[in-house]
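So this block is data.cif, mmCIF, C-alpha atoms:
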data_upload
#
loop_
_atom_site.label_atom_id
_atom_site.label_comp_id
_atom_site.auth_asym_id
_atom_site.auth_seq_id
_atom_site.Cartn_x
_atom_site.Cartn_y
_atom_site.Cartn_z
CA MET A 1 0.00 0.00 0.00
CA LYS A 2 2.93 2.30 0.73
CA ARG A 3 3.86 2.71 -2.91
CA PHE A 4 0.52 4.42 -3.62
CA ILE A 5 1.12 7.21 -1.12
CA LEU A 6 3.47 9.29 -3.26
CA PRO A 7 1.35 9.25 -6.45
CA VAL A 8 -1.81 10.00 -4.46
CA VAL A 9 -0.14 12.93 -2.68
CA PHE A 10 1.19 14.20 -6.02
CA LEU A 11 -2.22 13.89 -7.70
CA GLY A 12 -3.91 15.58 -4.73
CA GLY A 13 -1.49 18.47 -4.93
CA LEU A 14 -2.03 18.84 -8.67
CA VAL A 15 -5.83 18.77 -8.29
CA THR A 16 -5.67 21.41 -5.53
CA LEU A 17 -3.44 23.64 -7.67
CA LEU A 18 -5.69 23.35 -10.73
CA ALA A 19 -8.87 23.84 -8.66
CA ALA A 20 -7.40 27.02 -7.18
CA GLY A 21 -6.55 28.19 -10.71
CA LEU A 22 -10.10 27.56 -11.91
CA GLY A 23 -11.44 29.65 -9.03
CA LEU A 24 -9.50 32.72 -10.13
CA ASN A 25 -10.99 35.34 -12.40
CA PRO A 26 -8.72 35.61 -15.46
CA ARG A 27 -10.06 39.11 -16.08
CA GLU A 28 -8.64 40.37 -12.83
CA VAL A 29 -5.27 41.40 -14.16
CA PRO A 30 -3.31 43.30 -11.50
CA SER A 31 -3.11 46.94 -12.50
CA PRO A 32 0.34 48.56 -12.51
CA LEU A 33 -1.41 51.89 -11.81
CA ILE A 34 -2.15 51.16 -8.14
CA GLY A 35 -0.23 53.64 -5.99
CA LYS A 36 0.35 55.98 -8.93
CA PRO A 37 -1.28 59.33 -9.72
CA VAL A 38 -4.27 59.24 -12.07
CA PRO A 39 -3.22 59.61 -15.70
CA PRO A 40 -3.47 63.25 -16.78
CA PHE A 41 -6.57 64.09 -18.78
CA ALA A 42 -8.76 66.93 -19.93
CA LEU A 43 -12.04 65.63 -21.26
CA PRO A 44 -15.40 67.09 -22.25
CA THR A 45 -18.32 66.30 -19.96
CA LEU A 46 -21.51 64.51 -20.91
CA ASN A 47 -23.79 67.31 -19.78
CA ALA A 48 -21.75 70.12 -21.28
CA PRO A 49 -19.66 68.86 -24.22
CA ASP A 50 -18.03 72.25 -24.64
CA ARG A 51 -16.75 72.25 -21.06
CA GLN A 52 -13.58 70.30 -20.20
CA VAL A 53 -12.70 68.80 -16.84
CA GLY A 54 -9.11 67.90 -16.00
CA HIS A 55 -7.61 65.56 -13.42
CA THR A 56 -6.50 68.40 -11.12
CA GLU A 57 -10.08 69.60 -10.67
CA LEU A 58 -11.04 66.26 -9.11
CA LYS A 59 -8.45 66.50 -6.33
CA GLY A 60 -9.49 67.33 -2.78
CA GLN A 61 -11.67 64.36 -1.84
CA PRO A 62 -11.68 60.62 -2.49
CA TYR A 63 -13.82 59.43 -5.37
CA LEU A 64 -14.83 56.36 -7.32
CA PHE A 65 -13.80 56.55 -10.97
CA ASN A 66 -16.31 54.37 -12.76
CA VAL A 67 -15.73 53.41 -16.41
CA TRP A 68 -19.03 52.68 -18.12
CA ALA A 69 -21.02 52.73 -21.35
CA SER A 70 -24.68 52.38 -22.25
CA TRP A 71 -23.86 49.46 -24.56
CA CYS A 72 -22.35 47.52 -21.65
CA PRO A 73 -24.88 45.10 -20.09
CA THR A 74 -22.86 44.57 -16.91
CA CYS A 75 -22.88 48.32 -16.29
CA TYR A 76 -26.66 48.18 -15.73
CA GLN A 77 -26.11 45.57 -12.98
CA GLU A 78 -24.13 47.94 -10.79
CA HIS A 79 -25.98 51.11 -11.73
CA GLU A 80 -28.50 50.93 -8.91
CA LEU A 81 -25.70 50.43 -6.38
CA LEU A 82 -23.82 53.44 -7.73
CA VAL A 83 -26.95 55.58 -7.50
CA GLU A 84 -27.42 54.59 -3.89
CA LEU A 85 -23.76 55.23 -3.03
CA SER A 86 -24.00 58.70 -4.54
CA GLN A 87 -27.10 59.36 -2.41
CA ARG A 88 -25.06 58.37 0.64
CA GLY A 89 -22.51 61.02 -0.29
CA VAL A 90 -19.88 59.02 -2.19
CA ASN A 91 -18.35 61.07 -4.98
CA VAL A 92 -18.70 58.98 -8.15
CA VAL A 93 -16.99 60.23 -11.30
CA GLY A 94 -17.93 58.55 -14.57
CA LEU A 95 -15.86 57.88 -17.66
CA ASN A 96 -18.23 57.15 -20.51
CA ILE A 97 -16.34 55.35 -23.26
CA GLU A 98 -17.08 54.96 -26.95
CA ASP A 99 -20.74 55.73 -26.47
CA LYS A 100 -23.40 57.73 -28.26
CA ARG A 101 -24.20 60.84 -26.25
CA GLU A 102 -27.98 60.39 -26.48
CA ASP A 103 -27.74 56.70 -25.41
CA ALA A 104 -25.63 57.60 -22.40
CA LEU A 105 -28.03 60.40 -21.40
CA LYS A 106 -31.00 58.06 -21.84
CA MET A 107 -29.44 55.47 -19.50
CA LEU A 108 -28.91 58.12 -16.82
CA ALA A 109 -32.42 59.52 -17.28
CA ARG A 110 -33.93 56.06 -16.78
CA GLY A 111 -31.75 54.58 -14.06
CA GLY A 112 -30.78 57.76 -12.23
CA ASN A 113 -27.52 59.67 -12.39
CA PRO A 114 -24.97 58.62 -9.75
CA TYR A 115 -22.18 60.75 -11.21
CA SER A 116 -21.03 64.14 -9.98
CA VAL A 117 -19.50 64.52 -13.42
CA VAL A 118 -19.33 62.24 -16.48
CA LEU A 119 -16.21 62.57 -18.60
CA VAL A 120 -16.59 61.59 -22.23
CA ASP A 121 -13.94 59.42 -23.85
CA ALA A 122 -15.56 59.16 -27.26
CA ASP A 123 -12.71 57.39 -29.06
CA GLY A 124 -11.45 55.27 -26.17
CA ARG A 125 -8.04 56.94 -25.91
CA SER A 126 -8.28 57.95 -22.28
CA ARG A 127 -9.28 54.48 -21.15
CA ILE A 128 -6.00 53.14 -22.55
CA ASP A 129 -4.20 55.52 -20.17
CA TRP A 130 -6.22 54.02 -17.33
CA GLY A 131 -5.37 50.50 -18.48
CA VAL A 132 -9.06 49.68 -18.83
CA ILE A 133 -9.67 46.26 -20.36
CA ALA A 134 -13.44 45.96 -20.32
CA THR A 135 -16.32 47.95 -18.86
CA PRO A 136 -17.26 48.24 -16.09
CA GLU A 137 -14.13 48.94 -14.14
CA THR A 138 -13.95 51.13 -11.07
CA PHE A 139 -10.92 52.81 -9.55
CA VAL A 140 -10.74 54.15 -6.01
CA VAL A 141 -8.84 57.44 -6.03
CA ASP A 142 -7.73 59.28 -2.91
CA ALA A 143 -7.87 63.01 -2.20
CA GLN A 144 -4.37 63.50 -3.57
CA GLY A 145 -5.35 61.92 -6.89
CA ILE A 146 -3.52 58.63 -6.27
CA ILE A 147 -5.15 55.42 -7.55
CA ARG A 148 -5.53 53.11 -4.55
CA HIS A 149 -7.63 50.21 -5.81
CA LYS A 150 -9.10 48.80 -8.99
CA HIS A 151 -12.27 46.76 -9.22
CA THR A 152 -12.93 44.73 -12.37
CA GLY A 153 -16.53 43.99 -13.33
CA ALA A 154 -19.77 45.08 -11.70
CA ILE A 155 -19.55 46.14 -8.05
CA THR A 156 -21.79 44.12 -5.74
CA TRP A 157 -22.87 45.08 -2.23
CA LYS A 158 -20.50 42.40 -0.97
CA ASP A 159 -17.59 44.11 -2.78
CA TRP A 160 -18.63 47.45 -1.37
CA GLN A 161 -18.97 46.24 2.23
CA GLU A 162 -15.89 44.04 2.28
CA THR A 163 -13.36 45.94 0.19
CA ILE A 164 -14.33 49.34 -1.12
CA ALA A 165 -16.17 50.89 1.85
CA PRO A 166 -13.35 50.16 4.37
CA LEU A 167 -10.82 51.62 1.95
CA PHE A 168 -13.00 54.66 1.37
CA GLU A 169 -13.32 55.27 5.11
CA GLN A 170 -9.55 54.98 5.42
CA LEU A 171 -9.08 57.54 2.64
CA TYR A 172 -11.30 59.98 4.52
CA ARG A 173 -9.34 59.36 7.74
CA GLU A 174 -6.10 60.06 5.85
CA MET A 175 -7.45 63.50 4.98
CA GLU A 176 -8.08 64.53 8.60
CA PRO A 177 -4.57 65.66 9.64
CA ALA A 178 -4.40 67.90 6.58
CA ASN A 179 -7.71 69.53 7.50
CA GLY A 180 -6.95 69.96 11.20
CA MET B 1 -20.92 11.75 -66.15
CA ALA B 2 -18.65 14.52 -67.35
CA ASN B 3 -21.35 16.95 -66.35
CA ALA B 4 -21.51 15.60 -62.83
CA LEU B 5 -17.74 15.82 -62.52
CA PHE B 6 -17.86 19.41 -63.68
CA ASN B 7 -20.46 20.19 -61.02
CA VAL B 8 -18.29 18.70 -58.31
CA VAL B 9 -15.26 20.69 -59.46
CA ARG B 10 -17.34 23.83 -59.62
CA ALA B 11 -18.73 23.22 -56.12
CA ILE B 12 -15.23 22.78 -54.72
CA GLY B 13 -14.04 25.89 -56.54
CA LEU B 14 -16.94 27.97 -55.20
CA SER B 15 -16.48 26.72 -51.67
CA LEU B 16 -12.81 27.69 -51.86
CA ILE B 17 -13.74 31.20 -52.93
CA PHE B 18 -16.18 31.58 -50.03
CA ALA B 19 -13.78 29.93 -47.60
CA MET B 20 -11.34 32.81 -48.01
CA PRO B 21 -10.43 33.95 -44.50
CA ALA B 22 -12.27 37.03 -43.42
CA PHE B 23 -9.40 39.47 -43.04
CA ALA B 24 -9.64 41.87 -40.15
CA ILE B 25 -10.96 45.20 -41.31
CA ASP B 26 -8.96 47.68 -39.32
CA SER B 27 -10.63 50.92 -38.43
CA PHE B 28 -7.43 52.92 -38.71
CA GLN B 29 -4.78 53.73 -41.29
CA LEU B 30 -1.89 51.27 -41.34
CA PRO B 31 1.60 52.78 -41.66
CA GLU B 32 2.47 53.47 -45.31
CA ASP B 33 6.23 53.25 -44.87
CA PRO B 34 7.15 49.55 -45.40
CA ALA B 35 9.74 49.52 -42.60
CA THR B 36 7.25 51.00 -40.12
CA LEU B 37 4.61 48.54 -41.31
CA THR B 38 6.96 45.64 -40.59
CA ARG B 39 7.68 46.99 -37.11
CA TYR B 40 3.95 47.40 -36.57
CA GLN B 41 3.28 43.81 -37.60
CA VAL B 42 6.01 42.45 -35.34
CA LEU B 43 4.80 44.48 -32.35
CA ALA B 44 1.12 43.65 -32.93
CA GLU B 45 2.04 39.98 -32.61
CA GLU B 46 4.00 40.57 -29.44
CA PHE B 47 1.18 42.10 -27.41
CA ARG B 48 -1.73 40.28 -25.84
CA CYS B 49 -5.28 41.27 -26.54
CA LEU B 50 -6.43 41.73 -22.95
CA VAL B 51 -10.08 41.12 -23.74
CA CYS B 52 -9.63 37.78 -25.46
CA GLN B 53 -6.41 37.00 -23.54
CA ASN B 54 -5.33 34.07 -25.68
CA GLN B 55 -4.95 36.09 -28.85
CA ASN B 56 -2.42 38.69 -29.79
CA LEU B 57 -3.35 42.15 -30.97
CA ALA B 58 -2.74 41.29 -34.62
CA ASP B 59 -5.25 38.42 -34.55
CA SER B 60 -7.89 40.13 -32.48
CA ASN B 61 -10.77 42.22 -33.64
CA ALA B 62 -11.96 43.19 -30.19
CA ASP B 63 -12.77 46.80 -29.57
CA LEU B 64 -9.84 47.35 -27.24
CA ALA B 65 -7.46 45.50 -29.56
CA ASN B 66 -8.38 47.83 -32.41
CA ASP B 67 -7.89 50.87 -30.18
CA LEU B 68 -4.52 49.55 -29.06
CA LYS B 69 -3.46 48.92 -32.67
CA ARG B 70 -4.46 52.48 -33.54
CA GLU B 71 -2.39 53.66 -30.58
CA LEU B 72 0.49 51.47 -31.80
CA VAL B 73 0.44 53.11 -35.24
CA GLU B 74 0.36 56.57 -33.69
CA LEU B 75 3.27 55.79 -31.38
CA LEU B 76 5.30 54.38 -34.27
CA GLU B 77 4.62 57.40 -36.43
CA SER B 78 5.51 59.78 -33.62
CA GLY B 79 8.99 58.23 -33.71
CA LYS B 80 8.86 56.06 -30.57
CA SER B 81 11.24 53.12 -30.39
CA ASP B 82 10.00 49.53 -29.96
CA ASP B 83 11.18 49.55 -26.34
CA GLN B 84 9.40 52.83 -25.61
CA ILE B 85 6.19 51.36 -27.04
CA ARG B 86 6.57 48.23 -24.86
CA GLU B 87 7.08 50.48 -21.83
CA PHE B 88 4.00 52.51 -22.76
CA LEU B 89 1.79 49.41 -22.78
CA VAL B 90 3.37 47.75 -19.73
CA ALA B 91 2.93 50.97 -17.71
CA ARG B 92 -0.80 50.80 -18.39
CA TYR B 93 -1.62 47.10 -18.60
CA GLY B 94 1.24 45.41 -16.74
CA ASP B 95 3.51 42.55 -17.81
CA PHE B 96 0.44 40.54 -18.77
CA VAL B 97 0.23 42.52 -22.02
CA LEU B 98 3.50 40.95 -23.16
CA TYR B 99 3.30 37.45 -24.60
CA ARG B 100 6.93 36.97 -23.57
CA PRO B 101 6.97 38.21 -19.97
CA PRO B 102 10.21 39.55 -18.46
CA VAL B 103 12.01 37.54 -15.79
CA ASN B 104 11.24 39.11 -12.41
CA LYS B 105 10.01 38.10 -8.97
CA ALA B 106 6.39 37.67 -10.05
CA THR B 107 7.24 35.59 -13.12
CA ALA B 108 10.13 33.56 -11.59
CA MET B 109 7.88 30.52 -11.07
CA LEU B 110 6.64 30.76 -14.65
CA TRP B 111 10.16 30.67 -16.04
CA LEU B 112 11.50 28.07 -13.59
CA ALA B 113 8.57 25.63 -13.84
CA PRO B 114 9.81 23.85 -17.02
CA LEU B 115 13.28 23.44 -15.52
CA ILE B 116 11.85 22.05 -12.27
CA GLY B 117 9.62 19.71 -14.30
CA VAL B 118 12.53 18.37 -16.36
CA LEU B 119 14.67 17.89 -13.23
CA GLY B 120 11.80 16.10 -11.46
CA ILE B 121 11.20 13.75 -14.38
CA GLY B 122 14.97 13.12 -14.62
CA LEU B 123 15.09 12.23 -10.92
CA VAL B 124 12.20 9.77 -11.25
CA VAL B 125 13.80 8.17 -14.33
CA VAL B 126 17.16 7.76 -12.54
CA LEU B 127 15.49 6.26 -9.45
CA LEU B 128 13.45 3.80 -11.52
CA TRP B 129 16.49 2.85 -13.57
CA ARG B 130 18.60 2.19 -10.49
CA ARG B 131 15.89 0.14 -8.85
CA GLY B 132 15.38 -1.87 -12.03
CA ARG B 133 19.11 -2.58 -12.28
CA ASN B 134 19.37 -3.73 -8.65
CA GLU B 135 16.44 -6.10 -9.03
CA GLY B 136 17.88 -7.46 -12.26
CA ASP B 137 21.17 -8.34 -10.53
CA VAL B 138 19.71 -10.33 -7.69
CA VAL B 139 16.90 -12.18 -9.56
CA THR B 140 15.02 -12.93 -6.36
CA ALA B 141 11.79 -11.40 -7.50
CA GLU B 142 9.61 -12.43 -4.58
CA PRO B 143 5.98 -12.93 -5.41
CA VAL B 144 4.01 -9.96 -4.26
CA VAL B 145 1.92 -11.22 -1.36
CA ASP B 146 -0.16 -9.00 0.78
CA GLU B 147 1.03 -9.07 4.39
CA ASP B 148 -2.42 -9.93 5.71
CA ILE B 149 -2.75 -12.92 3.39
CA SER B 150 0.71 -14.24 4.17
CA ASN B 151 0.04 -13.89 7.90
CA ALA B 152 -3.20 -15.79 7.49
CA LEU B 153 -1.45 -18.50 5.52
CA ASN B 154 1.22 -18.83 8.21
CA GLU B 155 -1.43 -19.15 10.87
CA LEU B 156 -3.18 -21.84 8.85
CA ARG B 157 0.08 -23.71 8.42
CA ALA B 158 0.78 -23.46 12.13
CA ALA B 159 -2.72 -24.64 12.96
CA LYS B 160 -2.33 -27.63 10.63
CA ALA B 161 1.10 -28.46 12.04
CA GLU B 162 -0.06 -28.48 15.67
CA PRO B 163 -2.47 -31.47 15.61
CA GLN B 164 0.15 -33.55 13.70
CA ASP B 165 2.59 -32.92 16.53
CA LYS B 166 0.05 -34.17 19.08
CA GLU B 167 -0.63 -37.39 17.17
CA SER B 168 2.99 -38.33 16.78
#
How does this structure look as structure tokens?
Amino acid sequence: MKRFILPVVFLGGLVTLLAAGLGLNPREVPSPLIGKPVPPFALPTLNAPDRQVGHTELKGQPYLFNVWASWCPTCYQEHELLVELSQRGVNVVGLNIEDKREDALKMLARGGNPYSVVLVDADGRSRIDWGVIATPETFVVDAQGIIRHKHTGAITWKDWQETIAPLFEQLYREMEPANG
Amino acid sequence: MANALFNVVRAIGLSLIFAMPAFAIDSFQLPEDPATLTRYQVLAEEFRCLVCQNQNLADSNADLANDLKRELVELLESGKSDDQIREFLVARYGDFVLYRPPVNKATAMLWLAPLIGVLGIGLVVVLLWRRGRNEGDVVTAEPVVDEDISNALNELRAAKAEPQDKES
């Protein structure tokens, strides 16, 4: 019986390794932007296409930078959550990519508008600077404009409670010494 | 008969025409300079399409892949070197964008795994070979008997032997 121990242990190890690999989300590619300042941008806004907003104007408080589009089905899944977060006082900034203006406005008119401002990246150039692979993706940015976390896919309440909310609270605490 | 043969040939010919691969229609202007075009083609094969993951940029028609190819052309035409373009993409998408990842702490296991595998297999082969040789020398291949069975057999033999002793 002894001679079966080694193969069984080896097979068990292999199965465990492969099972762990299957459990991972291949879309969650670690972003090299974590800990770095947001990429510089100056983009027109959805509500006022002739007005541009730059990255420096967003500094001063932590915010969620949510990359979305009206043609993205998964974006509808998290929309309600974003609306509620904005009602609770979370600053949500939107980056609307490769979308038709009227479609984007229609989505916000129907589902509510969680965004303090929606930046328009009509040709998808800015999202390359953010290393965005697929919508929706959400970055947590601190008051200094440093990217602290990236979430791939729709945000669920579980994600918010377990990961994003604690980080957001921490970012607000980090601001306190500067204010006082 | 000849007519039927002609139909078959024609059918094959038609199917070949329609089986032409659907070439990617790129939504941007490819470099006109032949040298730049070659560099573009080499680079587009080197980068991973992050949406489809198991395709390179050149083979992919995904939205992001097309945008990245457009970016690639623009970077080439603005006079960036191949290394600068690699840095540009790695800074945004990480090492994962490269089909041939650099050797560093995170990828050490990836690069060492084949070596470890070959060494492991070599070790097993050597062990098996040595064991085989030893057994071959002695030629006392004992029949494989489970310990429980051999114990039971011994007990039986002992039990049988005992009454004989009493009789004699």
Reference answer for the PyMOL selection byres ((chain A) within 7 of (chain B)), as a ChimeraX atom specification: /A:31-33,124,129-131,133-134
One decimal, in Å: what's the spacing between atom CA of A:Pro44 and atom CA of A:Gln77? 25.8 Å
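When the distance limit is 9 Å and only C-alpha atoms are what count, the residues near A:Val120, minus those fewer than 2 positions from it on the same chain, are Leu43, Pro44, Thr45, Leu46, Pro49, Gly94, Leu95, Asn96, Ile97, Glu98, Asp99, Arg101, Val118, Ala122 and Asp123 of chain A.
Against this structure, the PyMOL selection byres ((chain A and resi 62) around 9) ends up with Leu58, Lys59, Gly60, Gln61, Tyr63, Leu64, Val90, Asn91, Val140, Val141, Asp142, Ala143, Gln144, Gly145, Phe168, Leu171 and Tyr172 of chain A.
Ranking A:Val29, A:Ile155, A:Leu167, A:Val117 by their shortest atom-to-atom distance to A:Arg51, with all atoms listed in the file included, puts A:Val117 first.
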Hey, can you check how far atom CA of A:Ala154 sits from atom CA of A:Pro114? 14.6 Å
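Reported to one decimal place, the separation of atom CA of A:Lys150 from atom CA of A:Val38 is 11.9 Å.
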List the residues selected by the PyMOL selection byres ((chain A and resi 84) around 12) in the file shown, writing them as a PyMOL selection string. chain A and resi 78-83+85-92+111-115+157+160
Around stretch 92-106 of chain B, fit a box with edges along x, y and z, padding it by 6 Å on each side, then list its centre and edge lengths in Å to one decimal as JSON.
{"center_x": 5.2, "center_y": 43.9, "center_z": -16.8, "size_x": 25.6, "size_y": 25.8, "size_z": 27.6}
Would you list the residues near (-24.5, 45.5, -22.4), meaning any protein, DNA or RNA residue with an atom at most 12 Å from that point in file coordinates, counting all atoms listed in the file, as a short mmCIF file (atom, residue, chain, number, x, y, z; two decimals) with C-alpha atoms, keeping the file's coordinate frame?
data_model
loop_
_atom_site.label_atom_id
_atom_site.label_comp_id
_atom_site.auth_asym_id
_atom_site.auth_seq_id
_atom_site.Cartn_x
_atom_site.Cartn_y
_atom_site.Cartn_z
CA TRP A 68 -19.03 52.68 -18.12
CA ALA A 69 -21.02 52.73 -21.35
CA SER A 70 -24.68 52.38 -22.25
CA TRP A 71 -23.86 49.46 -24.56
CA CYS A 72 -22.35 47.52 -21.65
CA PRO A 73 -24.88 45.10 -20.09
CA THR A 74 -22.86 44.57 -16.91
CA CYS A 75 -22.88 48.32 -16.29
CA TYR A 76 -26.66 48.18 -15.73
CA GLN A 77 -26.11 45.57 -12.98
CA GLU A 78 -24.13 47.94 -10.79
CA ASP A 99 -20.74 55.73 -26.47
CA MET A 107 -29.44 55.47 -19.50
CA ALA A 134 -13.44 45.96 -20.32
CA THR A 135 -16.32 47.95 -18.86
CA PRO A 136 -17.26 48.24 -16.09
CA ALA A 154 -19.77 45.08 -11.70
#
Distance cut-off 9 Å, centre (-6.0, 63.1, -16.2) in file coordinates, counting all atoms listed in the file: which residues qualify? Return them as a list in words.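 Residues found, by chain and rising number: Pro37, Val38, Pro39, Pro40, Phe41, Ala42, Leu43, Val53, Gly54, His55, Thr56, Ser126 and Asp129 of chain A.
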Residues from last step as file, C-alpha atoms, as an mmCIF file, in the coordinates of the input:
data_model
loop_
_atom_site.group_PDB
_atom_site.id
_atom_site.type_symbol
_atom_site.label_atom_id
_atom_site.label_comp_id
_atom_site.auth_asym_id
_atom_site.auth_seq_id
_atom_site.Cartn_x
_atom_site.Cartn_y
_atom_site.Cartn_z
ATOM 1 C CA PRO A 37 -1.280 59.330 -9.720
ATOM 2 C CA VAL A 38 -4.270 59.240 -12.070
ATOM 3 C CA PRO A 39 -3.220 59.610 -15.700
ATOM 4 C CA PRO A 40 -3.470 63.250 -16.780
ATOM 5 C CA PHE A 41 -6.570 64.090 -18.780
ATOM 6 C CA ALA A 42 -8.760 66.930 -19.930
ATOM 7 C CA LEU A 43 -12.040 65.630 -21.260
ATOM 8 C CA VAL A 53 -12.700 68.800 -16.840
ATOM 9 C CA GLY A 54 -9.110 67.900 -16.000
ATOM 10 C CA HIS A 55 -7.610 65.560 -13.420
ATOM 11 C CA THR A 56 -6.500 68.400 -11.120
ATOM 12 C CA SER A 126 -8.280 57.950 -22.280
ATOM 13 C CA ASP A 129 -4.200 55.520 -20.170
#
At the level of N, CA and C atoms, write stretch 87-101 of chain B to a file as a PDB file, in the first residue's frame, please.
ATOM      1  N   GLU B  87       7.213  49.821 -23.140  1.00  0.00           N
ATOM      2  CA  GLU B  87       7.082  50.480 -21.830  1.00  0.00           C
ATOM      3  C   GLU B  87       5.728  51.159 -21.690  1.00  0.00           C
ATOM      4  N   PHE B  88       5.292  51.810 -22.756  1.00  0.00           N
ATOM      5  CA  PHE B  88       3.999  52.506 -22.759  1.00  0.00           C
ATOM      6  C   PHE B  88       2.885  51.539 -22.383  1.00  0.00           C
ATOM      7  N   LEU B  89       2.871  50.366 -23.021  1.00  0.00           N
ATOM      8  CA  LEU B  89       1.792  49.411 -22.776  1.00  0.00           C
ATOM      9  C   LEU B  89       1.936  48.728 -21.419  1.00  0.00           C
ATOM     10  N   VAL B  90       3.169  48.418 -21.026  1.00  0.00           N
ATOM     11  CA  VAL B  90       3.369  47.754 -19.732  1.00  0.00           C
ATOM     12  C   VAL B  90       2.991  48.694 -18.585  1.00  0.00           C
ATOM     13  N   ALA B  91       3.272  49.999 -18.758  1.00  0.00           N
ATOM     14  CA  ALA B  91       2.930  50.970 -17.710  1.00  0.00           C
ATOM     15  C   ALA B  91       1.431  51.017 -17.483  1.00  0.00           C
ATOM     16  N   ARG B  92       0.657  50.719 -18.516  1.00  0.00           N
ATOM     17  CA  ARG B  92      -0.801  50.801 -18.387  1.00  0.00           C
ATOM     18  C   ARG B  92      -1.440  49.452 -18.075  1.00  0.00           C
ATOM     19  N   TYR B  93      -0.951  48.400 -18.728  1.00  0.00           N
ATOM     20  CA  TYR B  93      -1.624  47.102 -18.600  1.00  0.00           C
ATOM     21  C   TYR B  93      -0.798  46.054 -17.855  1.00  0.00           C
ATOM     22  N   GLY B  94       0.432  46.371 -17.495  1.00  0.00           N
ATOM     23  CA  GLY B  94       1.239  45.407 -16.744  1.00  0.00           C
ATOM     24  C   GLY B  94       1.926  44.402 -17.658  1.00  0.00           C
ATOM     25  N   ASP B  95       2.742  43.542 -17.044  1.00  0.00           N
ATOM     26  CA  ASP B  95       3.514  42.554 -17.808  1.00  0.00           C
ATOM     27  C   ASP B  95       2.622  41.606 -18.595  1.00  0.00           C
ATOM     28  N   PHE B  96       1.370  41.483 -18.142  1.00  0.00           N
ATOM     29  CA  PHE B  96       0.439  40.540 -18.768  1.00  0.00           C
ATOM     30  C   PHE B  96       0.223  40.857 -20.248  1.00  0.00           C
ATOM     31  N   VAL B  97       0.448  42.115 -20.628  1.00  0.00           N
ATOM     32  CA  VAL B  97       0.226  42.519 -22.024  1.00  0.00           C
ATOM     33  C   VAL B  97       1.291  41.927 -22.946  1.00  0.00           C
ATOM     34  N   LEU B  98       2.414  41.519 -22.360  1.00  0.00           N
ATOM     35  CA  LEU B  98       3.495  40.946 -23.163  1.00  0.00           C
ATOM     36  C   LEU B  98       3.312  39.435 -23.255  1.00  0.00           C
ATOM     37  N   TYR B  99       3.410  38.908 -24.480  1.00  0.00           N
ATOM     38  CA  TYR B  99       3.304  37.454 -24.596  1.00  0.00           C
ATOM     39  C   TYR B  99       4.573  36.781 -24.080  1.00  0.00           C
ATOM     40  N   ARG B 100       5.708  37.516 -24.137  1.00  0.00           N
ATOM     41  CA  ARG B 100       6.933  36.970 -23.570  1.00  0.00           C
ATOM     42  C   ARG B 100       7.278  37.802 -22.341  1.00  0.00           C
ATOM     43  N   PRO B 101       6.794  37.370 -21.163  1.00  0.00           N
ATOM     44  CA  PRO B 101       6.968  38.208 -19.974  1.00  0.00           C
ATOM     45  C   PRO B 101       8.429  38.285 -19.543  1.00  0.00           C
TER      46      PRO B 101
END
